[in-house]
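Take a look at the structure set out below.
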Amino acid sequence: MPTIRVIDREGKLRELEAPVGWSVMEVIREAGLPIEAACGGCCACATCHVYVDPAWLGRLEPPHADETMMLDEAFQVRDESRLSCQIKVTPELDGLTVTLAPEF
Amino acid sequence: MTDSVVETDMVIIGAGPVGLFAVFEAGLLGLRCHLVDNLDKIGGQCAELYPDKPIYDIPAVPRCTGQQLIDNLLEQIRPFEPVFHLREQAERLERRPGGGWRVETSAGTVFESPVVVIAAGAGSFVPRRLPLPGAETFEGRSLFYAVRRSEAFRDHRVVVAGGGDSALDWVLALQPLARSIALVHRRDEFRAAPDSVERMRRLVAEGRMRLVIGQITALEGVEGQLTGLRVKLQDGREERLDCDRLLAFYGLKMELGPLADWGLELDRGLVKVDTEAFETSLPGVFAIGDICTYPGKLKLILSGFHEAALMCQKAFRYCRPEERLVFRYTTSSTDLQKKLGVI
């Protein structure tokens, strides 16, 4: 099973088992990490905002227009900002590293 | 503020799908409902978060959008004439000396009823506040998340932040009043209606307002009065904007709000209920839908519908203690069909 690496808001790194086909948000949420994911993963809010390790950014499917639009409701948005509900776990993403964005 | 007290059978806190369906189930039993919601519209998350997104797991409705679900529920409950109190947050819950409950809202509306139903989903929608150091010292004095009176912005150096309809609508409305006005948004694309965006761009082209593409990074001012703010531009440079009135529109967030302090037994931010009647630790106060928790709870709209139906059976006993409740089907009961207005 792929592993994703999540850095929480205290800077602590965790390695989480990530079933293929789950979203990164689901992996983070099911591990009990503090991610609000208010809309439940339908790209209707921006409360699963993460920063993707720049080394991984180019290896992800680029965001759809509605994801880019929803990021307007996030704060401290950077080039490497993504909504984690829109990143699907694949075998190729083994080792993907993301950082939880500040709560807003 | 209202001086009069609204007396009713059931006060429902939250006008989302589950609160709406509770009106139906209550209506079949002859109970009248008032609903309170902090949003400016009916429908809760369905209407606010995903009006156009598809829902596939409503029994016997293969596909509908969030808004269609709400529209259908409104049609279904119309015979029961529910009364909505929108843009009001339920602030206080107090036990009445003679039995039943008293609910007071942020607008001063007071309800008295034997039954209160909390159908508040993930909590109240409230504006997302600017998460910058010191922001709270400016809130309500020179930093606002809504406009109460446009006049408060006259002759001021106004900055509006955001890219949705609220931001664009207020930029256009305040531009003629303000001494200067700027719109700050993180990218040069807008979710707002294209017509508003075009009007904004025309004002920019005419030099009557500024559009700054970037993100606010710091606020400047003293004793609650903003004097300026710093914006990080797309190319990484920083710019300072003069500003004595900042209007920030970063969407809404959901929070449990005042009901966290009502003395309800909670479990990780959810209201604990029994699974026979979905009653909370306070007799006559029920919780249904996403906000309630019990062993095996699933946050599905259909679960909330089920919870509403069972809740009403017990709610009836609080509202009509002297009456016996007979269980009937809408298919066969002329009494229910009369209530529904179909015969």
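Each chain in the structure tokens gets a letter, A, B, ..., in the order shown, and its residues are numbered from 1; ligands are numbered from 1 in order too.
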
Pick out the chain A residues within 8 Å of chain B. Count only C-alpha atoms. Give them as an NGL selection string. :A and (38-39 or 42 or 44-45 or 69 or 72-76 or 104)

Write out as a VMD selection string which residues come within 10 Å of A:Val98 when counting only C-alpha atoms, dropping same-chain ones fewer than 5 positions away. chain A and resid 4 to 8 13 24 49 to 54 56 to 57 80 to 82 84

Write the residues of the selection above to a file with N, CA, C and O atoms, as a compact mmCIF listing (two decimals), in the first residue's frame.
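Everything below was put into again_39.txt:
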# COMPACT_ATOMS: atom_id res chain seq x y z
N ILE A 4 1.59 7.99 2.42
CA ILE A 4 1.76 9.43 2.21
C ILE A 4 2.27 10.04 3.51
O ILE A 4 2.00 9.55 4.60
N ARG A 5 3.04 11.09 3.33
CA ARG A 5 3.68 11.74 4.48
C ARG A 5 2.96 13.06 4.71
O ARG A 5 2.84 13.87 3.80
N VAL A 6 2.49 13.24 5.94
CA VAL A 6 1.70 14.43 6.27
C VAL A 6 2.38 15.19 7.40
O VAL A 6 2.66 14.61 8.45
N ILE A 7 2.62 16.46 7.17
CA ILE A 7 3.20 17.31 8.22
C ILE A 7 2.06 18.11 8.83
O ILE A 7 1.35 18.84 8.12
N ASP A 8 1.85 17.93 10.14
CA ASP A 8 0.71 18.62 10.77
C ASP A 8 1.09 20.06 11.12
O ASP A 8 2.18 20.53 10.79
N LEU A 13 5.85 15.17 11.46
CA LEU A 13 5.66 14.35 10.26
C LEU A 13 5.07 13.00 10.63
O LEU A 13 5.52 12.34 11.56
N VAL A 24 -6.60 12.00 -0.71
CA VAL A 24 -5.62 12.35 0.34
C VAL A 24 -6.34 12.91 1.55
O VAL A 24 -5.98 12.62 2.70
N HIS A 49 -7.47 22.22 2.72
CA HIS A 49 -6.33 22.87 2.05
C HIS A 49 -4.99 22.31 2.57
O HIS A 49 -4.76 22.26 3.77
N VAL A 50 -4.15 21.89 1.64
CA VAL A 50 -2.79 21.44 2.00
C VAL A 50 -1.78 22.08 1.06
O VAL A 50 -2.12 22.56 -0.02
N TYR A 51 -0.53 22.09 1.52
CA TYR A 51 0.57 22.48 0.64
C TYR A 51 1.28 21.20 0.21
O TYR A 51 1.69 20.39 1.06
N VAL A 52 1.42 21.02 -1.08
CA VAL A 52 2.08 19.83 -1.61
C VAL A 52 3.58 20.13 -1.72
O VAL A 52 3.97 21.22 -2.16
N ASP A 53 4.38 19.19 -1.27
CA ASP A 53 5.83 19.32 -1.42
C ASP A 53 6.14 19.66 -2.88
O ASP A 53 5.72 18.94 -3.78
N PRO A 54 6.85 20.77 -3.11
CA PRO A 54 7.09 21.21 -4.49
C PRO A 54 7.67 20.12 -5.38
O PRO A 54 7.40 20.07 -6.58
N TRP A 56 6.77 17.21 -5.52
CA TRP A 56 5.69 16.32 -5.97
C TRP A 56 4.67 17.02 -6.85
O TRP A 56 3.85 16.37 -7.51
N LEU A 57 4.71 18.34 -6.84
CA LEU A 57 3.64 19.12 -7.47
C LEU A 57 3.41 18.71 -8.92
O LEU A 57 2.28 18.47 -9.35
N GLU A 80 1.82 26.00 -4.31
CA GLU A 80 1.72 24.55 -4.07
C GLU A 80 0.45 24.19 -3.29
O GLU A 80 0.34 23.09 -2.76
N SER A 81 -0.50 25.13 -3.25
CA SER A 81 -1.76 24.85 -2.55
C SER A 81 -2.64 23.92 -3.37
O SER A 81 -2.80 24.09 -4.57
N ARG A 82 -3.23 22.94 -2.69
CA ARG A 82 -4.23 22.07 -3.32
C ARG A 82 -5.31 21.75 -2.29
O ARG A 82 -5.10 21.88 -1.09
N SER A 84 -7.04 18.74 -0.68
CA SER A 84 -6.61 17.34 -0.61
C SER A 84 -7.72 16.37 -0.99
O SER A 84 -7.45 15.22 -1.32

Name the residues in contact with A:Glu92 at a cut-off of 12 Å, using only C-alpha atoms, excluding same-chain residues fewer than 4 positions from it; report them as a ChimeraX atom specification. /A:1-4,18,20-21,56,59-61,88,96

Distance query B:Glu223 at most 12 Å, only C-alpha atoms, self and fewer than 6 positions along chain excluded, as a list of chain:residue names: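 Here the qualifying residues turn out to be B:Gly134, B:Ala135, B:Glu136, B:Thr137, B:Phe138, B:Glu139, B:Arg141, B:Ser142.
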
What's the 7 Å shell around stretch 14-24 of chain B, counting only C-alpha atoms, without same-chain residues fewer than 5 positions away, as number ranges by chain? B: 33, 35-37, 42-45, 70, 73, 77, 82, 118-120, 289, 301, 304-305, 308-309

Selection export as a short mmCIF file (atom, residue, chain, number, x, y, z; two decimals), in the first residue's frame, atoms kept: all heavy atoms:
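Result file again-v8.cif:
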data_model
loop_
_atom_site.label_atom_id
_atom_site.label_comp_id
_atom_site.auth_asym_id
_atom_site.auth_seq_id
_atom_site.Cartn_x
_atom_site.Cartn_y
_atom_site.Cartn_z
N CYS B 33 -44.57 24.26 13.28
CA CYS B 33 -43.12 24.47 13.44
C CYS B 33 -42.69 25.87 13.04
O CYS B 33 -43.19 26.44 12.07
CB CYS B 33 -42.37 23.49 12.55
SG CYS B 33 -42.72 21.77 12.91
N LEU B 35 -38.85 27.66 12.18
CA LEU B 35 -37.45 27.30 11.94
C LEU B 35 -36.56 28.53 12.04
O LEU B 35 -36.93 29.61 11.56
CB LEU B 35 -37.26 26.65 10.56
CG LEU B 35 -38.03 25.35 10.32
CD1 LEU B 35 -39.36 25.64 9.64
CD2 LEU B 35 -37.21 24.38 9.48
N VAL B 36 -35.40 28.35 12.64
CA VAL B 36 -34.43 29.44 12.80
C VAL B 36 -33.16 29.05 12.05
O VAL B 36 -32.69 27.92 12.18
CB VAL B 36 -34.08 29.63 14.30
CG1 VAL B 36 -33.05 30.74 14.48
CG2 VAL B 36 -35.32 29.91 15.11
N ASP B 37 -32.62 29.95 11.25
CA ASP B 37 -31.35 29.65 10.57
C ASP B 37 -30.53 30.92 10.40
O ASP B 37 -31.06 31.97 10.06
CB ASP B 37 -31.60 28.99 9.21
CG ASP B 37 -30.38 28.22 8.72
OD1 ASP B 37 -29.31 28.84 8.50
OD2 ASP B 37 -30.48 26.99 8.58
N ILE B 42 -32.99 29.37 2.81
CA ILE B 42 -33.40 28.06 3.30
C ILE B 42 -32.54 27.00 2.60
O ILE B 42 -32.22 27.13 1.43
CB ILE B 42 -34.89 27.85 2.96
CG1 ILE B 42 -35.75 28.89 3.71
CG2 ILE B 42 -35.34 26.43 3.29
CD1 ILE B 42 -37.19 28.95 3.22
N GLY B 43 -32.18 25.95 3.34
CA GLY B 43 -31.53 24.81 2.66
C GLY B 43 -30.21 24.37 3.26
O GLY B 43 -29.65 23.36 2.81
N GLY B 44 -29.67 25.12 4.21
CA GLY B 44 -28.43 24.70 4.87
C GLY B 44 -27.29 24.46 3.89
O GLY B 44 -27.15 25.19 2.91
N GLN B 45 -26.50 23.42 4.18
CA GLN B 45 -25.34 23.14 3.33
C GLN B 45 -25.75 22.88 1.88
O GLN B 45 -25.03 23.24 0.95
CB GLN B 45 -24.58 21.91 3.84
CG GLN B 45 -23.88 22.13 5.17
CD GLN B 45 -23.11 20.89 5.59
OE1 GLN B 45 -22.49 20.22 4.78
NE2 GLN B 45 -23.16 20.58 6.88
N ILE B 70 -33.82 20.73 -1.91
CA ILE B 70 -34.45 21.71 -1.02
C ILE B 70 -35.78 22.21 -1.60
O ILE B 70 -36.77 22.32 -0.90
CB ILE B 70 -33.48 22.90 -0.78
CG1 ILE B 70 -32.20 22.42 -0.06
CG2 ILE B 70 -34.15 24.02 0.00
CD1 ILE B 70 -32.45 21.62 1.20
N LEU B 73 -38.36 19.56 -1.06
CA LEU B 73 -38.77 19.50 0.35
C LEU B 73 -39.71 20.66 0.68
O LEU B 73 -40.71 20.48 1.39
CB LEU B 73 -37.55 19.51 1.27
CG LEU B 73 -36.80 18.19 1.38
CD1 LEU B 73 -35.41 18.41 1.97
CD2 LEU B 73 -37.58 17.20 2.24
N ILE B 77 -43.53 20.35 2.17
CA ILE B 77 -43.97 20.82 3.50
C ILE B 77 -44.89 22.05 3.43
O ILE B 77 -45.36 22.51 4.45
CB ILE B 77 -42.75 21.15 4.41
CG1 ILE B 77 -41.95 22.34 3.89
CG2 ILE B 77 -41.87 19.91 4.57
CD1 ILE B 77 -40.80 22.74 4.81
N PRO B 82 -44.82 26.15 7.46
CA PRO B 82 -43.74 26.43 8.41
C PRO B 82 -43.37 27.92 8.35
O PRO B 82 -43.52 28.56 7.31
CB PRO B 82 -42.58 25.58 7.89
CG PRO B 82 -42.85 25.43 6.42
CD PRO B 82 -44.35 25.38 6.29
N ILE B 118 -32.88 20.36 17.42
CA ILE B 118 -31.62 20.88 16.88
C ILE B 118 -31.29 20.08 15.62
O ILE B 118 -31.02 18.89 15.68
CB ILE B 118 -30.49 20.75 17.93
CG1 ILE B 118 -30.88 21.51 19.21
CG2 ILE B 118 -29.17 21.27 17.37
CD1 ILE B 118 -29.96 21.21 20.39
N ALA B 119 -31.40 20.76 14.49
CA ALA B 119 -31.10 20.12 13.20
C ALA B 119 -30.05 20.99 12.51
O ALA B 119 -30.21 21.40 11.37
CB ALA B 119 -32.37 19.99 12.36
N ALA B 120 -28.98 21.24 13.25
CA ALA B 120 -28.06 22.32 12.86
C ALA B 120 -26.87 21.84 12.05
O ALA B 120 -25.92 22.60 11.84
CB ALA B 120 -27.60 23.06 14.12
N GLY B 289 -30.10 14.65 12.34
CA GLY B 289 -29.22 15.01 11.23
C GLY B 289 -27.76 14.98 11.65
O GLY B 289 -27.38 14.38 12.66
N ILE B 301 -28.16 12.28 4.57
CA ILE B 301 -29.45 12.98 4.60
C ILE B 301 -30.56 11.98 4.92
O ILE B 301 -31.46 12.26 5.71
CB ILE B 301 -29.69 13.71 3.27
CG1 ILE B 301 -28.69 14.87 3.13
CG2 ILE B 301 -31.12 14.23 3.18
CD1 ILE B 301 -28.68 15.54 1.76
N GLY B 304 -30.98 11.35 8.51
CA GLY B 304 -31.64 12.49 9.16
C GLY B 304 -33.15 12.43 8.98
O GLY B 304 -33.91 12.77 9.88
N PHE B 305 -33.60 11.98 7.81
CA PHE B 305 -35.05 11.86 7.55
C PHE B 305 -35.67 10.84 8.52
O PHE B 305 -36.73 11.05 9.09
CB PHE B 305 -35.30 11.42 6.11
CG PHE B 305 -34.99 12.48 5.07
CD1 PHE B 305 -34.96 12.15 3.71
CD2 PHE B 305 -34.75 13.80 5.42
CE1 PHE B 305 -34.71 13.10 2.75
CE2 PHE B 305 -34.49 14.77 4.45
CZ PHE B 305 -34.47 14.41 3.11
N ALA B 308 -35.86 12.21 11.94
CA ALA B 308 -36.96 13.18 12.06
C ALA B 308 -38.29 12.48 12.34
O ALA B 308 -39.07 12.91 13.19
CB ALA B 308 -37.05 14.02 10.78
N ALA B 309 -38.52 11.39 11.62
CA ALA B 309 -39.80 10.68 11.77
C ALA B 309 -39.94 10.11 13.18
O ALA B 309 -40.98 10.25 13.83
CB ALA B 309 -39.90 9.58 10.72
#

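Residues in contact with A:Arg9 at 12 Å, where only C-alpha atoms are counted and same-chain residues fewer than 6 positions away are skipped, are listed as Leu33, Pro34, Ile35, Val50, Tyr51, Val98, Thr99, Leu100, Ala101, Pro102 and Glu103 of chain A.
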
Sel. of alpha helix (DSSP H) residues, stretch 22-67 of chain A, as a list in words: Val24, Met25, Glu26, Val27, Ile28, Arg29, Glu30, Pro54, Ala55, Trp56, Leu57, Ala65, Asp66 and Glu67 of chain A

Expected file contents, prior selection, C-alpha atoms, as a compact mmCIF listing (two decimals), in the first residue's frame:
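This is the output file part-v1.txt:
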# COMPACT_ATOMS: atom_id res chain seq x y z
CA VAL A 24 -5.62 12.35 0.34
CA MET A 25 -8.21 14.18 2.46
CA GLU A 26 -9.80 10.85 3.41
CA VAL A 27 -6.43 9.39 4.38
CA ILE A 28 -5.72 12.42 6.60
CA ARG A 29 -9.20 12.50 8.11
CA GLU A 30 -9.35 8.75 8.84
CA PRO A 54 7.09 21.21 -4.49
CA ALA A 55 9.02 18.11 -5.58
CA TRP A 56 5.69 16.32 -5.97
CA LEU A 57 3.64 19.12 -7.47
CA ALA A 65 -11.14 24.81 -12.57
CA ASP A 66 -13.58 24.31 -9.68
CA GLU A 67 -10.74 23.38 -7.33

For B:Gly207, which of B:Val285, B:Ala315, B:Leu256, B:Ala182 is the closest residue, counting only C-alpha atoms? B:Ala182
